[in-house]
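Written out below as structure tokens is the structure these notes cover.
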Amino acid sequence: MKISIGFFCLFVLVFNVFAQERRVTAGVDGFAGVFRDDAPAPDEPLTLWYRRPAADWNAALPVGNGRLGAMIFGGVEGERLQLNEDTLWAGSPYDPNNPEALAALPEVRRLIFAGQYREAAALVDRKMMAVPVKQMSYQTLGDLRLAFPKADAVSGYRRELDIDAAVARVTYQIGDTTFRREIFASAPAGVIVVRLTADRRGQISFQTALQTPQRAAVAVENADTLVLSGTGGSERGIEGKLRFEARVRVLADGGRTGSVCENNPALAAPFSLSNSGSDSKLEPRALAVDAANCLSVTNADSATILISAATSYVNYHDISADESARARTPLERAARRPFAALRREHVADYRKFFRRVALDLGTTEAARRPTDERIKQFAATDDPQLAALYFQFARYLLISSSRPGTQPATLQGLWNDSMSPPWNSKYTININTEMNYWLAEPANLSELTEPVTKMVEDLAVTGARTARVEWGAGGWVAHHNTDLWRAAAPIDAARYGMWPTGGAWLTMTLWDHYEYTRDPRYLARIYPLLRGASEFFLDTLVEDPKTKWLVTCPSLSPENVHPFGTAVTAGPTMDEQIIRDLFANTIRAAGILNKDRDFRERLDTARARLAPNRIGAAGQLQEWLEDWDLQAPEPHHRHVSHLYGAFPSWQINIFDTPALAAAAKKSLDLRGDEATGWAIAWRLNLWARLRDAERAYKILALLLRPERTYPNMFDAHPPFQIDGNFGGANGIAEMLVQNRLVGETTEIHLLPALPKAFPNGRVRGLRARGGFEIDLEWKNGKPVRTRIRSLLGRKYRLISDFGFRISDLSGEDGFDFR
């Protein structure tokens, strides 16, 4: 019996050893050796980490400084950094407005009001769509590839992204040497920094080269710098004219640096477009790697690689910048500074944003597992810290993809590996771009909305031409998409693009920024944008023959087909809600600035005639003027556009409009919880706003599963779209604190939708309209302590479902509810 037990124990021991030592098939870097799965969890809890290199783009880890981005794969024998520069787009300045549109507009309206919707849509497709009918694509810059010496076995492998410091790392042992990589994208320095070290001298050897599918050439300067120069791609008849340059400087400590490389499969691998959503094929013109465009380092003690890139883009109508000077200047400055100084400066700059907010939802043993395993097991385990990590990861992504002076975050933020990515990775403004910035104000990242403000200022110019040419109207308009060139005309097809309310919705991001900051100079800056958007609708709203309400026509409820075979219609509920907010905000802004009294009166009169929210026969909030909801061909459509009034707007809420709030809940029930990633995120925010905590948590669990969250925590539409990350994180914030302005008083609602899964926790630094910061602690599902800081000395009202309501507070107040 003793012999049997001993043999069994030996068998188990041997089995466990072999279970941890697994030979992996060749992956991204070609490594086919043995991995020993023995890496411990990192000490920093706000870390995404893995025991394997990334198998594909949706497992790679992102870094970014708002303008430059990289996806890091973390291979052992070969590293891939897929690179982006935020102004590298296809095409060049162009005017897509259709000169035939205005003449067709009266007939389109006649057909719609006659109930001939298909005929109206067909006429829109023939006469009113943009030329070209698609917009330009955000495109990849290419890859920086590194090839390392061959290895037979690796132990202690850990790939990680520390989102408290915005530093990615790869650590592993080969034999008795520990290798370490650190990668970050520095906003102050304007470069991406890669640091290679080992715990034994003379162990750093590698070759490096650039690959790109762009029209480009590579040269070597001074035996330590790669220079990639080229011109962006053409698309849909619009010639690519943007010039770009990328520069890679290798700084080795010891050893030899040269510009001749051996033939290495890790460098010569074909350029791959591995984002699962990419509709691109393998690029046949991918730049070949040879001895003339490669750098090598042999037996160095350490090495630092600096990456810079720039284009000739100045703005949407000017591409005359010196891309070479733009790329060279930050690289030369960074090369004169030690790595430690670059890292210290980068971390300090990043943390001035990131550390404004802290969130603790509790921690269990599940938090010690690799991130991909936690995502797979979230629904079946108690892992509240994963939700907190998801929230903070979204804040990391916004800091990394949207800074003052950069472009706004696209459908994929800053990161895209394709020449023709899904939906062109542009700005879809019928929900997605707006959702990208829902998190910015409440999560204390207010400055990061500046790129949206600048984009709207651009659209007010290009959209004024669209308003005039296509609608015969004053003011400005943008439809459901725009791109780097600020195209504002309707695109794709009538059922998607004939929606004139995209620009108006974008102005809500600007208005939110004002309400949170109360900056009078900012209000004066955005007032012309609000006025211009309102002017367009004063000129284009028409009277519905049946109801006499003022309605948009033609328009649609975004991307949803009604029972008559198209989406094109008049006065969809979402339009009326958005315009109601737009007019109210413009009236308020003009009043504060003491401007345009007559214009305010016109807006007030028109606002009173907008079609109201209506409740249908099934008790739902109607999506259209007519009660068509139950006959629509897609009852579980991803968009819930008619619920804009409940979130992000406060037009519909449980306090002031309980019947409409109940109708919104009914609409959500009819639509269902399952949807694309970003659409699940919108449902999460809606259920939190409507105070159903357990339903909101159920939807959060739908979001945090492999079908909707990739291994690197990117949101899966699928394919990857970053809006789901931002929207999902904002939904978590909505569970904890909500706020609105009632007159001049801010209402702060504590724990309005706290689920049972988060019984104990604390949050610090959330923001509220009117200039407030909120710290909150809760135990057993109830608030025990809060501190409210009034940054502007304004009054607020504290509200909770736990039996208290405190009014007329200002200054800094602390409350202990125990």
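By convention in this document, the chains of the structure tokens carry letters A, B, ... by their order, each chain's residues are numbered from 1, and ligands are numbered from 1 in the order they are shown.
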With a cut-off of 10 Å, could you pull out the residues of region 346-458 of chain A touching region 706-722 of chain A and give me the nearest pair of atoms for each, distance in Å to one decimal, using only C-alpha atoms, ordered by chain and ascending number, as CSV?
```
residue,atom,partner,partner_atom,distance
A:Pro370,CA,A:Pro711,CA,9.8
A:Thr371,CA,A:Pro711,CA,7.1
A:Asp372,CA,A:Pro711,CA,4.8
A:Glu373,CA,A:Pro711,CA,8.4
A:Arg374,CA,A:Pro711,CA,9.3
A:Ile375,CA,A:Pro706,CA,6.2
A:Lys376,CA,A:Pro706,CA,5.7
A:Gln377,CA,A:Pro706,CA,9.0
A:Phe378,CA,A:Pro706,CA,9.3
A:Leu389,CA,A:Met713,CA,9.5
A:Tyr390,CA,A:Met713,CA,7.4
A:Phe393,CA,A:Met713,CA,8.0
A:Ala394,CA,A:Ile722,CA,8.8
A:Leu397,CA,A:Ile722,CA,8.6
A:Leu398,CA,A:Ile722,CA,9.6
A:Ala409,CA,A:Ile722,CA,8.5
A:Thr410,CA,A:Ile722,CA,7.9
A:Leu411,CA,A:Gln721,CA,5.4
A:Gln412,CA,A:Ile722,CA,5.0
A:Gly413,CA,A:Ile722,CA,5.9
A:Leu414,CA,A:Ile722,CA,9.3
A:Trp415,CA,A:Ile722,CA,9.4
A:Asn416,CA,A:Phe720,CA,9.6
A:Pro421,CA,A:Pro719,CA,9.9
A:Pro422,CA,A:Pro719,CA,7.6
A:Trp423,CA,A:Gln721,CA,9.9
A:Ser425,CA,A:Gln721,CA,8.5
A:Asn432,CA,A:Ile722,CA,8.7
A:Thr433,CA,A:Ile722,CA,9.5
A:Met435,CA,A:Ile722,CA,9.3
A:Asn436,CA,A:Ile722,CA,7.3
```
Exercise: region 594-609 of chain A partners within 10 Å, only C-alpha atoms, chain neighbours under 2 positions left out, as a list in words: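 Skipping anything fewer than 2 positions along the chain leaves Tyr527, Arg531, Ser534, Glu535, Phe537, Leu538, Leu541, Glu543, Lys548, Trp549, Leu550, Val551, Glu576, Ile579, Arg580, Asp581, Leu582, Phe583, Ala584, Thr586, Ile587, Arg588, Ala589, Ala590, Gly591, Ile592, Ala611 and Pro612 of chain A.
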Within 9 Å of region 181-187 of chain A: each region 57-174 of chain A residue with its shortest pair, only C-alpha atoms, as JSON lines:
```
{"residue": "A:Val63", "atom": "CA", "partner": "A:Ala185", "partner_atom": "CA", "distance": 5.9}
{"residue": "A:Gly64", "atom": "CA", "partner": "A:Ala185", "partner_atom": "CA", "distance": 5.0}
{"residue": "A:Asn65", "atom": "CA", "partner": "A:Ala187", "partner_atom": "CA", "distance": 4.7}
{"residue": "A:Gly66", "atom": "CA", "partner": "A:Ala187", "partner_atom": "CA", "distance": 7.2}
{"residue": "A:Arg67", "atom": "CA", "partner": "A:Ala187", "partner_atom": "CA", "distance": 8.1}
{"residue": "A:Leu68", "atom": "CA", "partner": "A:Ala185", "partner_atom": "CA", "distance": 7.1}
{"residue": "A:Gly69", "atom": "CA", "partner": "A:Ala185", "partner_atom": "CA", "distance": 7.0}
{"residue": "A:Ala70", "atom": "CA", "partner": "A:Ala185", "partner_atom": "CA", "distance": 8.0}
{"residue": "A:Ile72", "atom": "CA", "partner": "A:Ile183", "partner_atom": "CA", "distance": 8.3}
{"residue": "A:Gly74", "atom": "CA", "partner": "A:Arg181", "partner_atom": "CA", "distance": 8.7}
{"residue": "A:Ala166", "atom": "CA", "partner": "A:Phe184", "partner_atom": "CA", "distance": 6.5}
{"residue": "A:Val167", "atom": "CA", "partner": "A:Phe184", "partner_atom": "CA", "distance": 5.0}
{"residue": "A:Ala168", "atom": "CA", "partner": "A:Ile183", "partner_atom": "CA", "distance": 5.1}
{"residue": "A:Arg169", "atom": "CA", "partner": "A:Glu182", "partner_atom": "CA", "distance": 4.5}
{"residue": "A:Val170", "atom": "CA", "partner": "A:Arg181", "partner_atom": "CA", "distance": 5.0}
{"residue": "A:Thr171", "atom": "CA", "partner": "A:Arg181", "partner_atom": "CA", "distance": 6.5}
```
Any chance you could tabulate, as JSON lines, the residues of region 428-474 of chain A at most 10 Å from region 340-353 of chain A with each one's nearest atom pair and distance in Å to one decimal, using only C-alpha atoms, in chain and rising number order?
```
{"residue": "A:Ala443", "atom": "CA", "partner": "A:Phe353", "partner_atom": "CA", "distance": 9.8}
{"residue": "A:Asn444", "atom": "CA", "partner": "A:Phe353", "partner_atom": "CA", "distance": 7.7}
{"residue": "A:Leu445", "atom": "CA", "partner": "A:Phe353", "partner_atom": "CA", "distance": 6.5}
{"residue": "A:Ser446", "atom": "CA", "partner": "A:Phe353", "partner_atom": "CA", "distance": 9.4}
{"residue": "A:Glu447", "atom": "CA", "partner": "A:Phe353", "partner_atom": "CA", "distance": 9.2}
{"residue": "A:Leu448", "atom": "CA", "partner": "A:Phe353", "partner_atom": "CA", "distance": 9.5}
```
Write out as number ranges by chain each polymer residue whose atoms come within 10 Å of Gln203 (chain A), counting only C-alpha atoms; drop sequence neighbours fewer than 6 positions from it. A: 177-179, 196-197, 255, 298-302
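The spacing separating CA of Tyr514 (chain A) from CA of Val477 (chain A) amounts to 21.4 Å.
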